[in-house]
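Input: a single structure, listed below in structure tokens.
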Amino acid sequence: MSAYSLTNKNKITKKKQKKKFSTKNIKIIYQCYDLLPDPIIIAKKDKVLYVNPEACKLFGLEKPKTVFGKSIFKLISFTSDSDRDTYMHKIKETCFKQFDCKINCTDGHTVNVYLKLRVCNINSKTYNFITIEDVSKMKILENESNTGKELYKKLLNISPDAICLHDGHNFCFPANTLVKMLKYNDSLDIMGKSIIDILPKEYHNHFNDRMKKILNSDEILPDSKYKFINSKNNLIDVECKSVRLYLNGRYVIISSIRDVTEKNKLIAENLKAEANKELLEKTLEYDKLKTEFFSNISHELRTPLNILLSSLQLLNLYLKDEIVNIKPTKKYLSVMKQNCFRLLRLINNLLDITKIDSGFYNLNLCNRNIIAVVENITLSVADYLKNKKINIIFDTDIEEKIIACDEEKIERIILNLLSNSIKFTDVNGTINVNIYDGKDYIKICIIDDGIGIPKEKLNTIFDRFIQIDKSLTRNSKGTGIGLALVKSLVELHNGKIQVESEYGKGCKFTILLPVKIIASEDQSNLYGTFIDTSSQDTKIEKMNIEFSDIYF
């Protein structure tokens with residue numbers, strides 16, 4: 001008896017626990033439905049068990065309990081008897097069905113709604129879960145959606161950039177701006193058209209690679225530049241920005257395309273204008289330099305001629321006397337000779353620079369000891385400067401280095417650079433001529449402690465017709481082609497020349513000559529041996545010519 005009682009007691013306890021659990025779950029479900037924004041009704045067969053607050057608002061109910069247990073047909077009217085019969089049939093089985101209905105509100109008016117029925121079995125009992133959608137609100141949303149679509153469509157069509165949807169292969173939706181850009185009559189002419197068909201062949205691979213990257217990532221890549229072929233078979237320049245978009249269950253690409261043909265033409269015209277402007281400025285600068293050059297050369301020609309004429313007039317006066325004074329006569333003869341050298345140097349420089357420009361200037365190369373060549377000409381200058389109170393020092397770290405060179409041109413290079421150093425070195429100043437062996441090249445440095453060269457002149461010091469400021473050269477003359485000629489002569493030897501200077505602290509000219517030897521049969525007959533064939537008088541005459549525009 002006791003065992004039987006215990007067994008029945010356990011069964012009763014389990015039933016109570018199960019009932020308690022089910023009731024708790026239903027309350028939680030009701031609380032969840034209370035939070036939903038849609039009107040919801042729960043019914044068993046056709047009897048109402050629950051309405052949420054949104055349903056109460058729709059029906060105009062103050063309290064939901066007022067409809068509990070009442071027939072669903074007191075709240076909802078079906079638009080047709082067949083729908084009502086279908087509803088009664090469907091509530092007996094698990095299903096999902098939508099009906100067009102009307103709601104009878106407490107204030108007497110009706111509302112057209114969509115009734116969505118879902119029938120579920122819970123604990124072997126059938127419940128009807130009904131969701132109600134206000135048709136009028138749905139139509140408002142639909143109208144708003146259609147209005148929005150129309151608005152977006154108009155915005156796309158009036159956008160200055162052409163907007164289009166495509167899948168990376170074919171156009172899905174082209175805006176009117178794209179139709180106009182490509183000069184088609186209608187969007188249907190482009191709809192479904194392959195994008196490759198409007199791209200030149202050279203862009204195909206780049207375009208396909210880029211579309212793959214865009215379809216595989218939400219990253220917005222930098223603009224791409226293409227050329228499109230319009231309906232008239234003309235090319236237009238475009239810039240394109242694209243991003244992927246998830247639409248109707250798949251990824252498509254939305255692209256913004258801008259016609260930059262006119263922009264590119266304008267850029268090209270601006271670049272051309274800038275180039276023309278730069279060319280004009282260079283031409284004007286060159287004309288200015290030429291004007292200054294001809295002004296200088298006129299002065300350079302006129303000055304020695306005037307001196308020659310004046311010296312001749314003075315000599316003529318002396319010759320009229322019965323007794324000729326030899327001392328002033330020698331002085332004026334020396335002045336005349338120096339100015340003849342000056343004219344000769346000027347003419348030589350002009351002829352040589354013209355020959356170099358014309359490609360008719362050739363070197364007489366032979367194998368020479370470059371150390372001896374530079375040392376001999378430096379010593380000749382040292383004798384010349386003995387009474388000029390300017391020191392000149394020669395130094396070398398190698399006694400002999402044979403290279404193929406034109407001895408006369410090397411002498412001319414060194415004399416020209418020494419001439420510049422002498423012009424700008426004060427009394428008691430020092431000029432150093434140093435030679436360093438670089439194995440594959442010979443380095444010749446000419447260094448002075450004169451007034452130096454302004455920093456802004458260093459980049460143009462070897463240019464044609466360029467002179468240092470007149471305030472620096474008022475005691476020295478020149479045409480502005482001496483250093484240009486030196487640079488050309490060095491480069492004819494496949495060498496290089498550079499200058500370093502700090503204004504007020506002197507300057508340093510560095511010449512780099514390659515060490516090359518030529519076969520004896522290739523040497524000029526004039527320079528067939530290593531014996532110095534130049535006489536001392538010839539060296540002095542060359543020196544006098546190069547130094548003819550220096551006055552102490």
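Chain labels run A, B, ... following the order of the structure tokens; each chain numbers its residues from 1, and ligands are numbered from 1 in the order shown.
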
Residues within 10 Å of A:Ile214, only C-alpha atoms, excluding chain neighbours under 3 positions, as an mmCIF file with C-alpha atoms, in the first residue's frame:
```cif
data_model
loop_
_atom_site.group_PDB
_atom_site.id
_atom_site.type_symbol
_atom_site.label_atom_id
_atom_site.label_comp_id
_atom_site.auth_asym_id
_atom_site.auth_seq_id
_atom_site.Cartn_x
_atom_site.Cartn_y
_atom_site.Cartn_z
ATOM 1 C CA GLY A 168 32.468 42.557 -63.988
ATOM 2 C CA ASP A 209 42.325 41.482 -62.753
ATOM 3 C CA ARG A 210 40.859 44.568 -61.122
ATOM 4 C CA MET A 211 37.269 43.263 -61.268
ATOM 5 C CA SER A 217 36.936 42.430 -51.167
ATOM 6 C CA ASP A 218 35.057 45.433 -49.752
ATOM 7 C CA GLU A 219 38.219 47.517 -50.087
ATOM 8 C CA ILE A 220 37.844 50.639 -52.230
ATOM 9 C CA LEU A 221 40.765 50.618 -54.635
ATOM 10 C CA SER A 242 34.320 50.767 -58.255
ATOM 11 C CA VAL A 243 33.075 48.896 -55.193
ATOM 12 C CA ARG A 244 31.153 45.659 -54.749
ATOM 13 C CA LEU A 245 27.489 45.577 -53.650
ATOM 14 C CA TYR A 251 27.710 40.420 -55.417
ATOM 15 C CA VAL A 252 27.642 42.958 -58.231
ATOM 16 C CA ILE A 253 29.847 45.997 -58.885
#
```

Item to complete: Apply DSSP to the structure's backbone, then extract all residues of stretch 73-261 of chain A labelled helix (DSSP H, G or I) and return them as a PyMOL selection string.
Response: chain A and resi 73-74+81-90+135-158+176-181+187-189+195-198+201-215+261

If you keep C-alpha atoms, can you produce a file of those selected residues as an mmCIF file, in the first residue's frame?
```cif
data_model
loop_
_atom_site.group_PDB
_atom_site.id
_atom_site.type_symbol
_atom_site.label_atom_id
_atom_site.label_comp_id
_atom_site.auth_asym_id
_atom_site.auth_seq_id
_atom_site.Cartn_x
_atom_site.Cartn_y
_atom_site.Cartn_z
ATOM 1 C CA PHE A 73 -14.029 36.182 -36.281
ATOM 2 C CA LYS A 74 -15.294 38.878 -33.862
ATOM 3 C CA ASP A 81 -16.127 33.026 -47.599
ATOM 4 C CA SER A 82 -13.628 30.786 -49.308
ATOM 5 C CA ASP A 83 -10.789 32.417 -47.319
ATOM 6 C CA ARG A 84 -12.771 31.857 -44.123
ATOM 7 C CA ASP A 85 -13.251 28.177 -45.031
ATOM 8 C CA THR A 86 -9.596 27.860 -45.902
ATOM 9 C CA TYR A 87 -8.658 29.407 -42.549
ATOM 10 C CA MET A 88 -10.834 26.972 -40.631
ATOM 11 C CA HIS A 89 -9.318 24.118 -42.568
ATOM 12 C CA LYS A 90 -5.703 25.277 -42.114
ATOM 13 C CA VAL A 135 -2.158 47.136 -45.721
ATOM 14 C CA SER A 136 -2.363 50.931 -45.702
ATOM 15 C CA LYS A 137 0.992 51.179 -43.946
ATOM 16 C CA MET A 138 2.429 48.605 -46.329
ATOM 17 C CA LYS A 139 1.229 50.667 -49.265
ATOM 18 C CA ILE A 140 2.755 53.795 -47.723
ATOM 19 C CA LEU A 141 6.063 51.968 -47.322
ATOM 20 C CA GLU A 142 5.743 50.626 -50.849
ATOM 21 C CA ASN A 143 5.019 54.105 -52.187
ATOM 22 C CA GLU A 144 7.933 55.494 -50.225
ATOM 23 C CA SER A 145 10.100 52.705 -51.583
ATOM 24 C CA ASN A 146 8.976 53.398 -55.144
ATOM 25 C CA THR A 147 9.521 57.119 -54.588
ATOM 26 C CA GLY A 148 12.968 56.382 -53.229
ATOM 27 C CA LYS A 149 13.763 54.213 -56.210
ATOM 28 C CA GLU A 150 12.592 56.921 -58.577
ATOM 29 C CA LEU A 151 14.594 59.516 -56.656
ATOM 30 C CA TYR A 152 17.754 57.377 -56.777
ATOM 31 C CA LYS A 153 17.187 56.776 -60.469
ATOM 32 C CA LYS A 154 16.903 60.514 -61.130
ATOM 33 C CA LEU A 155 19.951 61.208 -58.990
ATOM 34 C CA LEU A 156 21.924 58.639 -60.977
ATOM 35 C CA ASN A 157 20.773 60.174 -64.240
ATOM 36 C CA ILE A 158 21.641 63.762 -63.278
ATOM 37 C CA ASN A 176 21.624 57.969 -68.748
ATOM 38 C CA THR A 177 24.928 59.775 -68.200
ATOM 39 C CA LEU A 178 26.798 56.646 -69.315
ATOM 40 C CA VAL A 179 24.504 56.348 -72.366
ATOM 41 C CA LYS A 180 25.318 59.939 -73.306
ATOM 42 C CA MET A 181 29.022 59.492 -72.565
ATOM 43 C CA SER A 187 20.071 52.499 -72.192
ATOM 44 C CA LEU A 188 18.786 49.313 -73.854
ATOM 45 C CA ASP A 189 21.674 49.667 -76.324
ATOM 46 C CA ILE A 195 32.309 45.752 -71.006
ATOM 47 C CA ILE A 196 35.279 44.263 -72.873
ATOM 48 C CA ASP A 197 33.615 45.391 -76.121
ATOM 49 C CA ILE A 198 34.112 49.059 -75.204
ATOM 50 C CA LYS A 201 42.618 45.249 -76.157
ATOM 51 C CA GLU A 202 45.571 46.588 -74.164
ATOM 52 C CA TYR A 203 43.256 47.236 -71.165
ATOM 53 C CA HIS A 204 41.578 43.806 -71.058
ATOM 54 C CA ASN A 205 43.956 42.016 -68.667
ATOM 55 C CA HIS A 206 44.195 44.955 -66.276
ATOM 56 C CA PHE A 207 40.396 45.350 -66.204
ATOM 57 C CA ASN A 208 39.737 41.637 -65.562
ATOM 58 C CA ASP A 209 42.325 41.482 -62.753
ATOM 59 C CA ARG A 210 40.859 44.568 -61.122
ATOM 60 C CA MET A 211 37.269 43.263 -61.268
ATOM 61 C CA LYS A 212 38.371 40.028 -59.549
ATOM 62 C CA LYS A 213 39.965 42.032 -56.726
ATOM 63 C CA ILE A 214 36.840 44.173 -56.273
ATOM 64 C CA LEU A 215 34.456 41.167 -56.212
ATOM 65 C CA THR A 261 39.104 63.535 -72.074
#
```

Can you tell me which residues surround stretch 370-382 of chain A at a distance of at most 6 Å, considering only C-alpha atoms, apart from same-chain residues fewer than 2 positions away, and format the answer as a short mmCIF file (atom, residue, chain, number, x, y, z; two decimals) with C-alpha atoms, in the first residue's frame?
```
data_model
loop_
_atom_site.label_atom_id
_atom_site.label_comp_id
_atom_site.auth_asym_id
_atom_site.auth_seq_id
_atom_site.Cartn_x
_atom_site.Cartn_y
_atom_site.Cartn_z
CA ARG A 368 102.93 61.50 -72.95
CA TYR A 384 106.43 84.66 -65.28
CA LEU A 385 105.07 85.32 -61.76
CA GLU A 400 105.77 59.55 -64.18
CA LYS A 401 102.41 58.56 -65.66
#
```

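Minimum atom-to-atom distances from A:Ser334, A:Lys225, A:Lys290, A:Arg412 to A:Leu308 were compared using only C-alpha atoms, and the lowest value belongs to A:Ser334.
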
Item to complete: Excluding A:Tyr50 and any residue of its chain fewer than 3 positions from it, enumerate the residues within 10 Å of it, using only C-alpha atoms, and give them as a list of chain:residue names.
Response: A:Tyr30, A:Tyr33, A:Ile40, A:Ile41, A:Ile42, A:Ala43, A:Lys44, A:Lys47, A:Pro53, A:Ala55, A:Pro64, A:Lys65, A:Val67, A:Phe68, A:Gly69, A:Phe129

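Atom pair atom CA of A:Ser255 / atom CA of A:Asn185: separated by 20.8 Å.
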
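Remark: for A:Ile481, the closest of the candidate residues A:Ile453, A:Ile103, A:Val51, A:Ile461 is A:Ile461 (distances computed over only C-alpha atoms).
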
Fewer than 2 positions away in the same chain doesn't count, so skip those; otherwise give me all residues within 8 Å of A:Asp448, counting only C-alpha atoms, as an mmCIF file with C-alpha atoms, in the first residue's frame.
```cif
data_model
loop_
_atom_site.group_PDB
_atom_site.id
_atom_site.type_symbol
_atom_site.label_atom_id
_atom_site.label_comp_id
_atom_site.auth_asym_id
_atom_site.auth_seq_id
_atom_site.Cartn_x
_atom_site.Cartn_y
_atom_site.Cartn_z
ATOM 1 C CA SER A 421 93.506 81.858 -60.547
ATOM 2 C CA THR A 425 94.333 86.014 -56.362
ATOM 3 C CA GLY A 429 98.589 84.906 -52.545
ATOM 4 C CA THR A 430 99.377 81.278 -53.375
ATOM 5 C CA ILE A 431 98.376 78.969 -56.213
ATOM 6 C CA ASN A 432 98.889 75.195 -55.812
ATOM 7 C CA ILE A 446 94.537 73.787 -59.232
ATOM 8 C CA GLY A 450 91.710 84.207 -54.047
ATOM 9 C CA GLY A 506 89.420 80.739 -52.945
ATOM 10 C CA CYS A 507 88.448 77.934 -55.268
ATOM 11 C CA LYS A 508 89.592 74.503 -56.422
#
```

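Going from atom CA of A:Gly482 over to atom CA of A:Leu280, you cover 26.7 Å.
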
Worksheet item: How many Å lie between atom CA of A:Lys331 and atom CA of A:Ile545, rounded to one decimal?
Response: 17.8 Å

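With distances restricted to only C-alpha atoms, A:Asn416 is the closest residue to A:Arg345 from A:Ser501, A:Asn416, A:Asn128, A:Thr283.
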
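Excluding A:Asn339 and any residue on its chain fewer than 5 positions from it, the residues at most 8 Å away by only C-alpha atoms are A:Pro304, A:Leu305, A:Ile307, A:Leu308, A:Ser548.
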
Output for the residues just chosen: C-alpha atoms as an mmCIF file, in the first residue's frame:
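Below is the file part-v7.cif, written as the result:
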```
data_model
loop_
_atom_site.group_PDB
_atom_site.id
_atom_site.type_symbol
_atom_site.label_atom_id
_atom_site.label_comp_id
_atom_site.auth_asym_id
_atom_site.auth_seq_id
_atom_site.Cartn_x
_atom_site.Cartn_y
_atom_site.Cartn_z
ATOM 1 C CA PRO A 304 93.233 96.334 -77.513
ATOM 2 C CA LEU A 305 92.724 98.085 -80.854
ATOM 3 C CA ILE A 307 95.532 100.663 -77.057
ATOM 4 C CA LEU A 308 97.392 99.681 -80.227
ATOM 5 C CA SER A 548 97.267 88.654 -72.223
#
```

Fill in: Nearby residues (only C-alpha atoms) at most 9 Å from A:Lys227, same-chain spacing under 2 positions excluded, as an MDAnalysis selection string
chainID A and resid 198:200 203 225 229 235:239

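Using only C-alpha atoms, the smallest distance between any of A:Gly60, A:Asn234, A:Asp38, A:Ala519 and A:Leu115 comes from A:Asp38.
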
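You can rank A:Phe394, A:Asp34, A:Pro39, A:Leu351 by their closest distance to A:Lys57 using only C-alpha atoms, and at the top of that list sits A:Pro39.
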